[in-house]
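Data first, discussion second: the structure below is written as structure tokens.
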Amino acid sequence: MKNKKAELLTENVIFIILNLVFFSILATFIFIKTNDSALLEEAYAKKIALILDSAEPGMNIVLDMSDAIKKKDEKYSGKIVDIQGNLVTIKLSQKGGYSYSFFNDVSLNPMYFYSSDNEGNGKYSFVVEEIEKVEEGELSK
Amino acid sequence: MTDKTISVYWFFILFIVASAIVFLVYTIYGAPLDIRGAEGVFLNEKIASCVSQGGKITSAGKKFISEGESSNLLGLCHLNFKVEPFKESWNNDQLFVSVVFSTVEGSVLTPGLPILAGNANLKSNCNINVLDSKTNQFPVCINRTMLSNGEDGKYYSIQIFTCVRKTEKNV
């Protein structure tokens with residue numbers, strides 16, 4: 001009688017452990033997939049490209065990127081947002097990075113970098129320069 | 001039915017549920033964001049505001065009418081069609097624009113020659129099965145026609161056609 005009870009208990013324990021292992025693997029997979037910084041890199045690169053595509057000279061565009069800044073790899077010390085020519089690159093880790101081009105030939109003020117508060121919330125500000133200023137600058141070169 | 005049989009069924013059901021969840025997660029989070037439609041609309045609007053503002057042809061628009069197909073569409077409308085290098089297959093050929101100025105006299109439209117920029121080959125594959133995820137590998141195109149008033153007393157119908165490929169990064 002005792003042996004049978006012990007066997008039943010062992011079976012139940014194994015069953016529960018297997019279930020727990022199964023669900024924890026599933027939960028880990030979902031957590032990793034939904035919190036992948038590559039998703040944020042792609043989303044912000046495309047978002048900024050679209051914003052700059054529709055930008056007009058003289059605009060000052062402020063973009064809240066707190067969630068991306070919070071997910072940045074601590075070991076990575078480079079730029080999160082890098083705009084070279086008409087190419088936006090978002091990089092949250094040394095190995096990662098996503099680039100997307102925009103077609104609007106606007107010139108951005110190079111001082112587009114971000115301000116943050118103590119809680120780690122950060123905003124990027126992009127100032128689109130007036131066409132006249134750009135043309136004057138090009139003429140003076 | 002024994003307890004063991006029930007547990008086998010239980011794990012079989014769990015496996016099916018887990019497969020469905022994995023499939024959904026991959027479908028939702030694995031697919032890239034498709035912004036080609038928005039890009040096409042923005043490009044179309046950018047050219048529209050470049051050639052006509054407040055119902056009147058702009059100075060850039062006048063240049064297009066006078067210079068015709070030889071005019072510099074990218075330069076006059078402040079556009080840059082350079083794209084990022086991607087698997088060596090992208091060679092600044094992911095966008096296309098066509099602008100046609102037609103004079104309107106009564107009900108008669110007299111189209112001028114199209115002013116083109118970008119990869120003209122994209123036009124032939126436009127909007128083929130855009131709703132089918134397996135075959136939406138084709139460029140997304142936006143077509144728009146508007147009327148504008150020229151200073152020469154003529155009315156112009158302006159057809160703006162924009163095309164965005166960038167398939168590998170959006171589908």
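Here, A, B, ... name the chains of the structure tokens in the order displayed, residue numbers run from 1 inside each chain, and ligands are numbered from 1 in the same displayed order.
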Proximity of chain B to chain A: per-residue shortest pair, 10 Å limit, only C-alpha atoms, as a tab-separated table:
```
residue	atom	partner	partner_atom	distance
B:Asp3	CA	A:Glu11	CA	9.5
B:Lys4	CA	A:Glu11	CA	9.0
B:Ser7	CA	A:Phe15	CA	7.7
B:Trp10	CA	A:Asn19	CA	9.6
B:Phe11	CA	A:Asn19	CA	8.3
B:Leu14	CA	A:Phe22	CA	8.5
B:Phe15	CA	A:Phe22	CA	9.1
B:Ala18	CA	A:Leu26	CA	7.0
B:Ser19	CA	A:Leu26	CA	9.7
B:Ile21	CA	A:Leu26	CA	8.5
B:Val22	CA	A:Ile30	CA	7.8
B:Val25	CA	A:Ile30	CA	7.0
B:Tyr26	CA	A:Lys33	CA	8.2
B:Ile28	CA	A:Thr34	CA	9.4
B:Tyr29	CA	A:Thr34	CA	6.8
B:Gly30	CA	A:Lys33	CA	8.3
B:Ala31	CA	A:Leu39	CA	9.8
B:Pro32	CA	A:Glu42	CA	7.9
B:Leu33	CA	A:Ala43	CA	7.2
B:Asp34	CA	A:Lys46	CA	9.2
B:Ile35	CA	A:Lys46	CA	7.5
B:Arg36	CA	A:Leu50	CA	9.9
B:Ala38	CA	A:Leu50	CA	7.7
B:Glu39	CA	A:Leu50	CA	6.8
B:Val41	CA	A:Ser54	CA	9.7
B:Phe42	CA	A:Ser54	CA	6.0
B:Leu43	CA	A:Asp53	CA	7.5
B:Glu45	CA	A:Ser54	CA	8.5
B:Lys46	CA	A:Ser54	CA	7.4
B:Leu74	CA	A:Asp105	CA	8.8
B:Gly75	CA	A:Asp105	CA	8.8
B:Cys77	CA	A:Asp105	CA	8.5
B:His78	CA	A:Asp105	CA	5.0
B:Leu79	CA	A:Asp105	CA	4.7
B:Asn80	CA	A:Phe103	CA	4.8
B:Phe81	CA	A:Phe103	CA	5.5
B:Lys82	CA	A:Phe103	CA	7.4
B:Val83	CA	A:Ser101	CA	5.5
B:Glu84	CA	A:Ser101	CA	6.1
B:Pro85	CA	A:Ser99	CA	9.5
B:Phe86	CA	A:Ser99	CA	9.7
B:Leu95	CA	A:Phe103	CA	8.8
B:Lys166	CA	A:Tyr100	CA	9.7
B:Lys169	CA	A:Tyr100	CA	8.6
B:Asn170	CA	A:Lys46	CA	9.9
```
Can you list, as a PyMOL selection string, every residue of chain A that DSSP puts in strand (DSSP E)? chain A and resi 60-64+81-84+87-90+98-101+115-116+122-127
Output the selection as a PDB file, in the first residue's frame - N, CA and C atoms for each residue.
```pdb
ATOM      1  N   ASN A  60      11.492  71.358 -35.932  1.00  0.00           N
ATOM      2  CA  ASN A  60      12.236  70.794 -34.806  1.00  0.00           C
ATOM      3  C   ASN A  60      11.449  69.577 -34.323  1.00  0.00           C
ATOM      4  N   ILE A  61      11.980  68.395 -34.522  1.00  0.00           N
ATOM      5  CA  ILE A  61      11.248  67.158 -34.218  1.00  0.00           C
ATOM      6  C   ILE A  61      11.823  66.543 -32.951  1.00  0.00           C
ATOM      7  N   VAL A  62      10.940  66.324 -31.971  1.00  0.00           N
ATOM      8  CA  VAL A  62      11.391  65.715 -30.707  1.00  0.00           C
ATOM      9  C   VAL A  62      10.811  64.308 -30.624  1.00  0.00           C
ATOM     10  N   LEU A  63      11.676  63.341 -30.397  1.00  0.00           N
ATOM     11  CA  LEU A  63      11.238  61.942 -30.357  1.00  0.00           C
ATOM     12  C   LEU A  63      11.634  61.308 -29.030  1.00  0.00           C
ATOM     13  N   ASP A  64      10.631  60.778 -28.326  1.00  0.00           N
ATOM     14  CA  ASP A  64      10.882  60.108 -27.046  1.00  0.00           C
ATOM     15  C   ASP A  64      11.399  58.691 -27.327  1.00  0.00           C
ATOM     16  N   VAL A  81      21.690  56.788 -31.927  1.00  0.00           N
ATOM     17  CA  VAL A  81      21.183  57.274 -33.218  1.00  0.00           C
ATOM     18  C   VAL A  81      22.344  57.882 -33.988  1.00  0.00           C
ATOM     19  N   ASP A  82      22.511  57.441 -35.212  1.00  0.00           N
ATOM     20  CA  ASP A  82      23.563  58.012 -36.048  1.00  0.00           C
ATOM     21  C   ASP A  82      22.960  58.280 -37.430  1.00  0.00           C
ATOM     22  N   ILE A  83      23.018  59.523 -37.863  1.00  0.00           N
ATOM     23  CA  ILE A  83      22.470  59.869 -39.182  1.00  0.00           C
ATOM     24  C   ILE A  83      23.617  60.372 -40.047  1.00  0.00           C
ATOM     25  N   GLN A  84      23.943  59.602 -41.068  1.00  0.00           N
ATOM     26  CA  GLN A  84      25.012  59.963 -41.997  1.00  0.00           C
ATOM     27  C   GLN A  84      24.389  60.094 -43.383  1.00  0.00           C
ATOM     28  N   LEU A  87      21.039  58.253 -44.323  1.00  0.00           N
ATOM     29  CA  LEU A  87      20.951  56.924 -43.706  1.00  0.00           C
ATOM     30  C   LEU A  87      20.867  57.022 -42.184  1.00  0.00           C
ATOM     31  N   VAL A  88      19.787  56.450 -41.643  1.00  0.00           N
ATOM     32  CA  VAL A  88      19.604  56.439 -40.182  1.00  0.00           C
ATOM     33  C   VAL A  88      20.077  55.090 -39.664  1.00  0.00           C
ATOM     34  N   THR A  89      20.916  55.106 -38.645  1.00  0.00           N
ATOM     35  CA  THR A  89      21.345  53.844 -38.019  1.00  0.00           C
ATOM     36  C   THR A  89      21.022  53.897 -36.532  1.00  0.00           C
ATOM     37  N   ILE A  90      20.352  52.862 -36.056  1.00  0.00           N
ATOM     38  CA  ILE A  90      20.057  52.738 -34.623  1.00  0.00           C
ATOM     39  C   ILE A  90      20.854  51.543 -34.111  1.00  0.00           C
ATOM     40  N   TYR A  98      20.721  48.643 -36.941  1.00  0.00           N
ATOM     41  CA  TYR A  98      19.799  48.559 -38.081  1.00  0.00           C
ATOM     42  C   TYR A  98      19.817  49.903 -38.795  1.00  0.00           C
ATOM     43  N   SER A  99      19.960  49.829 -40.123  1.00  0.00           N
ATOM     44  CA  SER A  99      20.004  51.062 -40.918  1.00  0.00           C
ATOM     45  C   SER A  99      18.850  51.119 -41.908  1.00  0.00           C
ATOM     46  N   TYR A 100      18.352  52.328 -42.146  1.00  0.00           N
ATOM     47  CA  TYR A 100      17.289  52.522 -43.137  1.00  0.00           C
ATOM     48  C   TYR A 100      17.475  53.909 -43.747  1.00  0.00           C
ATOM     49  N   SER A 101      17.260  53.992 -45.051  1.00  0.00           N
ATOM     50  CA  SER A 101      17.504  55.271 -45.734  1.00  0.00           C
ATOM     51  C   SER A 101      16.225  56.080 -45.878  1.00  0.00           C
ATOM     52  N   SER A 115      18.567  64.558 -24.634  1.00  0.00           N
ATOM     53  CA  SER A 115      18.579  64.993 -23.243  1.00  0.00           C
ATOM     54  C   SER A 115      17.896  63.908 -22.424  1.00  0.00           C
ATOM     55  N   SER A 116      18.347  63.716 -21.193  1.00  0.00           N
ATOM     56  CA  SER A 116      17.715  62.672 -20.378  1.00  0.00           C
ATOM     57  C   SER A 116      17.545  63.151 -18.946  1.00  0.00           C
ATOM     58  N   GLY A 122      14.757  59.449 -22.106  1.00  0.00           N
ATOM     59  CA  GLY A 122      15.535  60.289 -23.011  1.00  0.00           C
ATOM     60  C   GLY A 122      14.770  60.695 -24.252  1.00  0.00           C
ATOM     61  N   LYS A 123      15.026  61.924 -24.706  1.00  0.00           N
ATOM     62  CA  LYS A 123      14.373  62.431 -25.910  1.00  0.00           C
ATOM     63  C   LYS A 123      15.426  62.913 -26.889  1.00  0.00           C
ATOM     64  N   TYR A 124      15.220  62.579 -28.145  1.00  0.00           N
ATOM     65  CA  TYR A 124      16.104  63.069 -29.206  1.00  0.00           C
ATOM     66  C   TYR A 124      15.430  64.214 -29.918  1.00  0.00           C
ATOM     67  N   SER A 125      16.220  65.185 -30.285  1.00  0.00           N
ATOM     68  CA  SER A 125      15.674  66.345 -30.978  1.00  0.00           C
ATOM     69  C   SER A 125      16.402  66.507 -32.314  1.00  0.00           C
ATOM     70  N   PHE A 126      15.634  66.539 -33.393  1.00  0.00           N
ATOM     71  CA  PHE A 126      16.210  66.689 -34.734  1.00  0.00           C
ATOM     72  C   PHE A 126      15.758  68.030 -35.308  1.00  0.00           C
ATOM     73  N   VAL A 127      16.701  68.877 -35.642  1.00  0.00           N
ATOM     74  CA  VAL A 127      16.360  70.185 -36.223  1.00  0.00           C
ATOM     75  C   VAL A 127      16.700  70.150 -37.714  1.00  0.00           C
TER      76      VAL A 127
END
```
Selection: 12 Å around region 107-110 of chain B, only C-alpha atoms, excl. self and same-chain fewer than 2 positions, as a ChimeraX atom specification: /B:100-105,112-113,147,154-159
8 Å contact set for Ile142 (chain B), only C-alpha atoms, chain neighbours under 4 positions out, as JSON, numbers by chain: {"B": [37, 40, 41, 44, 161, 162, 163]}
Output for the residues just chosen: C-alpha atoms as a compact mmCIF listing (two decimals), in the first residue's frame:
```txt
# COMPACT_ATOMS: atom_id res chain seq x y z
CA GLY B 37 3.08 52.24 -48.36
CA GLY B 40 5.22 55.91 -51.22
CA VAL B 41 2.59 58.34 -49.92
CA ASN B 44 4.11 61.41 -53.60
CA PHE B 161 3.41 58.13 -59.70
CA THR B 162 5.74 56.87 -56.98
CA CYS B 163 7.12 53.41 -56.41
```
Hey, can you check how far CA of Glu151 (chain B) sits from CA of Ala117 (chain B)?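 Between CA of Glu151 (chain B) and CA of Ala117 (chain B) the gap is 25.7 Å.
The space separating CA of Ile48 (chain A) from CA of Gly118 (chain B) comes to 22.5 Å.
Atom pair CA of Tyr114 (chain A) / CA of Lys71 (chain A): separated by 15.6 Å.
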As a PDB file with C-alpha atoms, in the first residue's frame, please: every residue in region 17-151 of chain B that a backbone DSSP assignment puts in helix (DSSP H, G or I).
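What landed in selection-v3.pdb:
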```
ATOM      1  CA  VAL B  17      -0.670  24.812 -27.942  1.00  0.00           C
ATOM      2  CA  ALA B  18       3.053  25.635 -27.673  1.00  0.00           C
ATOM      3  CA  SER B  19       3.517  25.245 -31.435  1.00  0.00           C
ATOM      4  CA  ALA B  20       0.625  27.638 -32.039  1.00  0.00           C
ATOM      5  CA  ILE B  21       2.130  30.185 -29.611  1.00  0.00           C
ATOM      6  CA  VAL B  22       5.602  29.897 -31.202  1.00  0.00           C
ATOM      7  CA  PHE B  23       4.058  30.316 -34.668  1.00  0.00           C
ATOM      8  CA  LEU B  24       2.110  33.417 -33.547  1.00  0.00           C
ATOM      9  CA  VAL B  25       5.156  34.974 -31.871  1.00  0.00           C
ATOM     10  CA  TYR B  26       7.249  34.418 -35.005  1.00  0.00           C
ATOM     11  CA  THR B  27       4.486  35.828 -37.211  1.00  0.00           C
ATOM     12  CA  ILE B  28       3.965  38.941 -35.086  1.00  0.00           C
ATOM     13  CA  TYR B  29       7.525  39.689 -33.938  1.00  0.00           C
ATOM     14  CA  GLY B  30       9.545  37.977 -36.661  1.00  0.00           C
ATOM     15  CA  ARG B  36       6.652  50.979 -48.047  1.00  0.00           C
ATOM     16  CA  GLY B  37       3.079  52.239 -48.357  1.00  0.00           C
ATOM     17  CA  ALA B  38       3.783  55.180 -46.051  1.00  0.00           C
ATOM     18  CA  GLU B  39       7.048  55.915 -47.873  1.00  0.00           C
ATOM     19  CA  GLY B  40       5.225  55.909 -51.219  1.00  0.00           C
ATOM     20  CA  VAL B  41       2.585  58.336 -49.920  1.00  0.00           C
ATOM     21  CA  PHE B  42       5.192  60.667 -48.380  1.00  0.00           C
ATOM     22  CA  LEU B  43       7.238  60.648 -51.587  1.00  0.00           C
ATOM     23  CA  ASN B  44       4.106  61.411 -53.597  1.00  0.00           C
ATOM     24  CA  GLU B  45       3.150  64.274 -51.263  1.00  0.00           C
ATOM     25  CA  LYS B  46       6.681  65.663 -51.286  1.00  0.00           C
ATOM     26  CA  ILE B  47       6.621  65.890 -55.085  1.00  0.00           C
ATOM     27  CA  ALA B  48       3.072  67.290 -55.072  1.00  0.00           C
ATOM     28  CA  SER B  49       4.118  70.143 -52.765  1.00  0.00           C
ATOM     29  CA  CYS B  50       7.266  70.635 -54.868  1.00  0.00           C
ATOM     30  CA  VAL B  51       5.358  71.167 -58.148  1.00  0.00           C
ATOM     31  CA  SER B  59       8.816  77.755 -59.704  1.00  0.00           C
ATOM     32  CA  ALA B  60      10.095  74.160 -59.718  1.00  0.00           C
ATOM     33  CA  GLY B  61       6.903  73.098 -61.513  1.00  0.00           C
ATOM     34  CA  LYS B  62       7.437  75.793 -64.139  1.00  0.00           C
ATOM     35  CA  LYS B  63      10.952  74.471 -64.730  1.00  0.00           C
ATOM     36  CA  PHE B  64       9.562  70.979 -65.222  1.00  0.00           C
ATOM     37  CA  ILE B  65       7.050  72.288 -67.774  1.00  0.00           C
ATOM     38  CA  SER B  66       9.653  74.317 -69.680  1.00  0.00           C
ATOM     39  CA  GLU B  67      12.534  71.822 -69.538  1.00  0.00           C
ATOM     40  CA  GLY B  68      10.404  68.682 -69.856  1.00  0.00           C
ATOM     41  CA  GLU B  69      11.942  65.246 -69.469  1.00  0.00           C
ATOM     42  CA  SER B  70      15.479  66.623 -69.201  1.00  0.00           C
ATOM     43  CA  LEU B  73      13.571  66.078 -60.622  1.00  0.00           C
ATOM     44  CA  LEU B  74      15.714  64.941 -57.693  1.00  0.00           C
ATOM     45  CA  GLY B  75      17.634  68.213 -57.434  1.00  0.00           C
ATOM     46  CA  LEU B  76      14.657  70.570 -57.816  1.00  0.00           C
ATOM     47  CA  ALA B 120      11.868  52.734 -64.143  1.00  0.00           C
ATOM     48  CA  ASN B 121      11.802  48.906 -64.123  1.00  0.00           C
ATOM     49  CA  LEU B 122       9.874  48.968 -60.833  1.00  0.00           C
ATOM     50  CA  LYS B 123       6.756  50.267 -62.595  1.00  0.00           C
ATOM     51  CA  SER B 124       6.037  46.991 -64.377  1.00  0.00           C
ATOM     52  CA  ASN B 125       5.762  45.017 -61.107  1.00  0.00           C
TER      53      ASN B 125
END
```
